[in-house]
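Novice: Pasting a structure below so you can have a look.
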Amino acid sequence: MAKVQSLISRGKFDEAIEVAEQEWEKSGSNEKQALNLGPMCAAAGMAQQVAGNRKQTALWNERAIDSMTKMLENADGKKKGLFAWAAKAQAGSWVGQVKMQLAAAHFSNANVHMEGQDYRRAKASFKSAADYAMQAPDFPQKEDIVRMSKEQLQRLKHA
């Protein structure tokens, strides 16, 4: 994950994609390992988007969404009593980060679906993007994701 993000931050998108693909090949088929690959998949989706690979962008975003959704589900129900309270307090910022990444991944996919004229899926993705962004703590793109998602949902109301 750190290597993929580092490569992306230096503009080495093709290398980042290659590293992500290698890691996915190695760990993606193991459900427990794949659970932790969500942020890396989201980063690979961004790299694919910059590279202009629409289908690969959607593929990596779907992997990220699947993984991070499971991460949130696991964070919700494992501990009881005092342990649950402590875990929720500690996980609060972590959960917020996951929701922020989910908002971005859904928003990216919504745009891919719009480009492909798949308005039904675009509508669902814009709704998910806005929902997760509203649940996330403040982050630089939050207001833009919420505003643009709601605008697109209005346009797609009758689609």
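Just remember, in the structure tokens the first chain shown is A, the second B, etc., residues are 1-based per chain, and ligands are 1-based in the order shown.
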Please provide as a list in words all residues within 10 Å of Lys127 of chain A, with the sequence filter that same-chain residues fewer than 2 positions apart are discarded (counting only C-alpha atoms).
Specialist: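 Surrounding residues, per the criterion: Ala103, His106, Phe107, Ala110, Arg121, Ala122, Lys123, Ala124, Ser125, Ala129, Ala130, Asp131, Tyr132, Ala133, Val146, Ser149, Lys150, Gln152 and Leu153 of chain A.
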Novice: Could you please take those selected residues and save N, CA, C and O atoms as a PDB file, in the first residue's frame?
Specialist:
ATOM      1  N   ALA A 103     -16.233   6.997  -0.441  1.00  0.00           N
ATOM      2  CA  ALA A 103     -16.896   8.080  -1.169  1.00  0.00           C
ATOM      3  C   ALA A 103     -16.154   8.373  -2.471  1.00  0.00           C
ATOM      4  O   ALA A 103     -16.768   8.489  -3.538  1.00  0.00           O
ATOM      5  N   HIS A 106     -16.577   5.390  -5.001  1.00  0.00           N
ATOM      6  CA  HIS A 106     -17.916   5.390  -5.604  1.00  0.00           C
ATOM      7  C   HIS A 106     -18.063   6.546  -6.594  1.00  0.00           C
ATOM      8  O   HIS A 106     -18.654   6.383  -7.664  1.00  0.00           O
ATOM      9  N   PHE A 107     -17.525   7.720  -6.240  1.00  0.00           N
ATOM     10  CA  PHE A 107     -17.616   8.875  -7.126  1.00  0.00           C
ATOM     11  C   PHE A 107     -16.866   8.615  -8.430  1.00  0.00           C
ATOM     12  O   PHE A 107     -17.360   8.915  -9.514  1.00  0.00           O
ATOM     13  N   ALA A 110     -18.868   6.271 -10.458  1.00  0.00           N
ATOM     14  CA  ALA A 110     -20.042   6.948 -11.020  1.00  0.00           C
ATOM     15  C   ALA A 110     -19.670   7.664 -12.312  1.00  0.00           C
ATOM     16  O   ALA A 110     -20.402   7.595 -13.305  1.00  0.00           O
ATOM     17  N   ARG A 121     -26.376   2.476 -13.063  1.00  0.00           N
ATOM     18  CA  ARG A 121     -25.241   2.250 -12.161  1.00  0.00           C
ATOM     19  C   ARG A 121     -24.607   3.570 -11.735  1.00  0.00           C
ATOM     20  O   ARG A 121     -24.137   3.703 -10.603  1.00  0.00           O
ATOM     21  N   ALA A 122     -24.588   4.551 -12.630  1.00  0.00           N
ATOM     22  CA  ALA A 122     -24.052   5.871 -12.271  1.00  0.00           C
ATOM     23  C   ALA A 122     -24.870   6.472 -11.132  1.00  0.00           C
ATOM     24  O   ALA A 122     -24.313   7.003 -10.166  1.00  0.00           O
ATOM     25  N   LYS A 123     -26.174   6.364 -11.243  1.00  0.00           N
ATOM     26  CA  LYS A 123     -27.066   6.894 -10.217  1.00  0.00           C
ATOM     27  C   LYS A 123     -26.793   6.238  -8.860  1.00  0.00           C
ATOM     28  O   LYS A 123     -26.657   6.925  -7.840  1.00  0.00           O
ATOM     29  N   ALA A 124     -26.681   4.920  -8.840  1.00  0.00           N
ATOM     30  CA  ALA A 124     -26.411   4.196  -7.590  1.00  0.00           C
ATOM     31  C   ALA A 124     -25.052   4.597  -7.016  1.00  0.00           C
ATOM     32  O   ALA A 124     -24.910   4.780  -5.801  1.00  0.00           O
ATOM     33  N   SER A 125     -24.062   4.758  -7.887  1.00  0.00           N
ATOM     34  CA  SER A 125     -22.725   5.127  -7.413  1.00  0.00           C
ATOM     35  C   SER A 125     -22.681   6.564  -6.898  1.00  0.00           C
ATOM     36  O   SER A 125     -22.025   6.839  -5.885  1.00  0.00           O
ATOM     37  N   ALA A 129     -21.685   7.604  -3.165  1.00  0.00           N
ATOM     38  CA  ALA A 129     -20.619   8.590  -2.961  1.00  0.00           C
ATOM     39  C   ALA A 129     -21.082   9.689  -2.014  1.00  0.00           C
ATOM     40  O   ALA A 129     -20.372  10.044  -1.060  1.00  0.00           O
ATOM     41  N   ALA A 130     -22.276  10.226  -2.263  1.00  0.00           N
ATOM     42  CA  ALA A 130     -22.795  11.292  -1.400  1.00  0.00           C
ATOM     43  C   ALA A 130     -23.038  10.778   0.015  1.00  0.00           C
ATOM     44  O   ALA A 130     -22.696  11.460   0.995  1.00  0.00           O
ATOM     45  N   ASP A 131     -23.601   9.580   0.139  1.00  0.00           N
ATOM     46  CA  ASP A 131     -23.884   9.017   1.468  1.00  0.00           C
ATOM     47  C   ASP A 131     -22.611   8.835   2.282  1.00  0.00           C
ATOM     48  O   ASP A 131     -22.548   9.226   3.446  1.00  0.00           O
ATOM     49  N   TYR A 132     -21.593   8.216   1.684  1.00  0.00           N
ATOM     50  CA  TYR A 132     -20.344   7.993   2.420  1.00  0.00           C
ATOM     51  C   TYR A 132     -19.638   9.307   2.724  1.00  0.00           C
ATOM     52  O   TYR A 132     -19.057   9.472   3.798  1.00  0.00           O
ATOM     53  N   ALA A 133     -19.665  10.257   1.799  1.00  0.00           N
ATOM     54  CA  ALA A 133     -19.019  11.549   2.042  1.00  0.00           C
ATOM     55  C   ALA A 133     -19.689  12.265   3.215  1.00  0.00           C
ATOM     56  O   ALA A 133     -19.002  12.863   4.057  1.00  0.00           O
ATOM     57  N   VAL A 146     -20.087  15.736  -2.476  1.00  0.00           N
ATOM     58  CA  VAL A 146     -21.503  15.807  -2.107  1.00  0.00           C
ATOM     59  C   VAL A 146     -22.266  16.667  -3.109  1.00  0.00           C
ATOM     60  O   VAL A 146     -23.307  16.246  -3.641  1.00  0.00           O
ATOM     61  N   SER A 149     -22.298  15.068  -6.689  1.00  0.00           N
ATOM     62  CA  SER A 149     -23.126  13.852  -6.690  1.00  0.00           C
ATOM     63  C   SER A 149     -24.599  14.216  -6.689  1.00  0.00           C
ATOM     64  O   SER A 149     -25.388  13.644  -7.451  1.00  0.00           O
ATOM     65  N   LYS A 150     -24.972  15.174  -5.858  1.00  0.00           N
ATOM     66  CA  LYS A 150     -26.378  15.587  -5.793  1.00  0.00           C
ATOM     67  C   LYS A 150     -26.827  16.230  -7.105  1.00  0.00           C
ATOM     68  O   LYS A 150     -27.954  16.004  -7.551  1.00  0.00           O
ATOM     69  N   GLN A 152     -25.632  15.543 -10.103  1.00  0.00           N
ATOM     70  CA  GLN A 152     -25.783  14.457 -11.087  1.00  0.00           C
ATOM     71  C   GLN A 152     -27.032  13.634 -10.801  1.00  0.00           C
ATOM     72  O   GLN A 152     -27.714  13.199 -11.723  1.00  0.00           O
ATOM     73  N   LEU A 153     -27.331  13.414  -9.531  1.00  0.00           N
ATOM     74  CA  LEU A 153     -28.544  12.664  -9.186  1.00  0.00           C
ATOM     75  C   LEU A 153     -29.785  13.401  -9.667  1.00  0.00           C
ATOM     76  O   LEU A 153     -30.744  12.764 -10.123  1.00  0.00           O
TER      77      LEU A 153
END
Novice: At a cut-off of 6 Å, using only C-alpha atoms, what residues contact segment 55-70 of chain A? Leave out same-chain residues fewer than 3 positions from it and give the result as a list of chain:residue names.
Specialist: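 The contact residues come out as A:Leu35, A:Gly38, A:Cys41, A:Ala42, A:Gly45, A:Gln48, A:Gln49, A:Glu73, A:Ala105, A:Asn109.
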Novice: Let me see the file: selected residues, C-alpha atoms, as a PDB file, in the first residue's frame.
Specialist:
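Contents of part19.pdb, as written:
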ATOM      1  CA  LEU A  35      -9.755  -7.385   3.261  1.00  0.00           C
ATOM      2  CA  GLY A  38      -8.902  -1.820  -0.021  1.00  0.00           C
ATOM      3  CA  CYS A  41      -7.010  -0.890  -4.613  1.00  0.00           C
ATOM      4  CA  ALA A  42      -8.419   2.632  -4.292  1.00  0.00           C
ATOM      5  CA  GLY A  45      -8.017   2.894  -9.258  1.00  0.00           C
ATOM      6  CA  GLN A  48      -5.740   3.803 -13.686  1.00  0.00           C
ATOM      7  CA  GLN A  49      -8.020   6.835 -13.938  1.00  0.00           C
ATOM      8  CA  GLU A  73     -18.848  -4.421   8.512  1.00  0.00           C
ATOM      9  CA  ALA A 105     -14.134   5.247  -5.074  1.00  0.00           C
ATOM     10  CA  ASN A 109     -17.007   4.726 -10.542  1.00  0.00           C
TER      11      ASN A 109
END
Novice: With only C-alpha atoms as the basis for distance, which of A:Ser6, A:Asn111, A:Pro39, A:Ala44 is at the shortest distance from Glu21 of chain A?
Specialist: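 So, comparing all the options, the nearest one is A:Ala44.
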Novice: Quick one: residues within 9 Å of Asp14 of chain A, only C-alpha atoms, excluding same-chain residues fewer than 5 positions away - as a list of chain:residue names?
Specialist: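 Counting only the stated atoms, we get A:Leu7, A:Ile8, A:Val19, A:Ala47, A:Gln48, A:Ala51.
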Novice: DSSP on the backbone: what in chain A comes out helix (DSSP H, G or I), as a VMD selection string?
Specialist: chain A and resid 2 to 9 13 to 27 31 to 35 38 to 51 54 to 77 81 to 115 119 to 135 142 to 155
Novice: Quick one: distance from atom CA of Pro140 of chain A to atom CA of Met100 of chain A in Å, one decimal?
Specialist: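 So the two atoms, atom CA of Pro140 of chain A and atom CA of Met100 of chain A, lie 10.2 Å apart.
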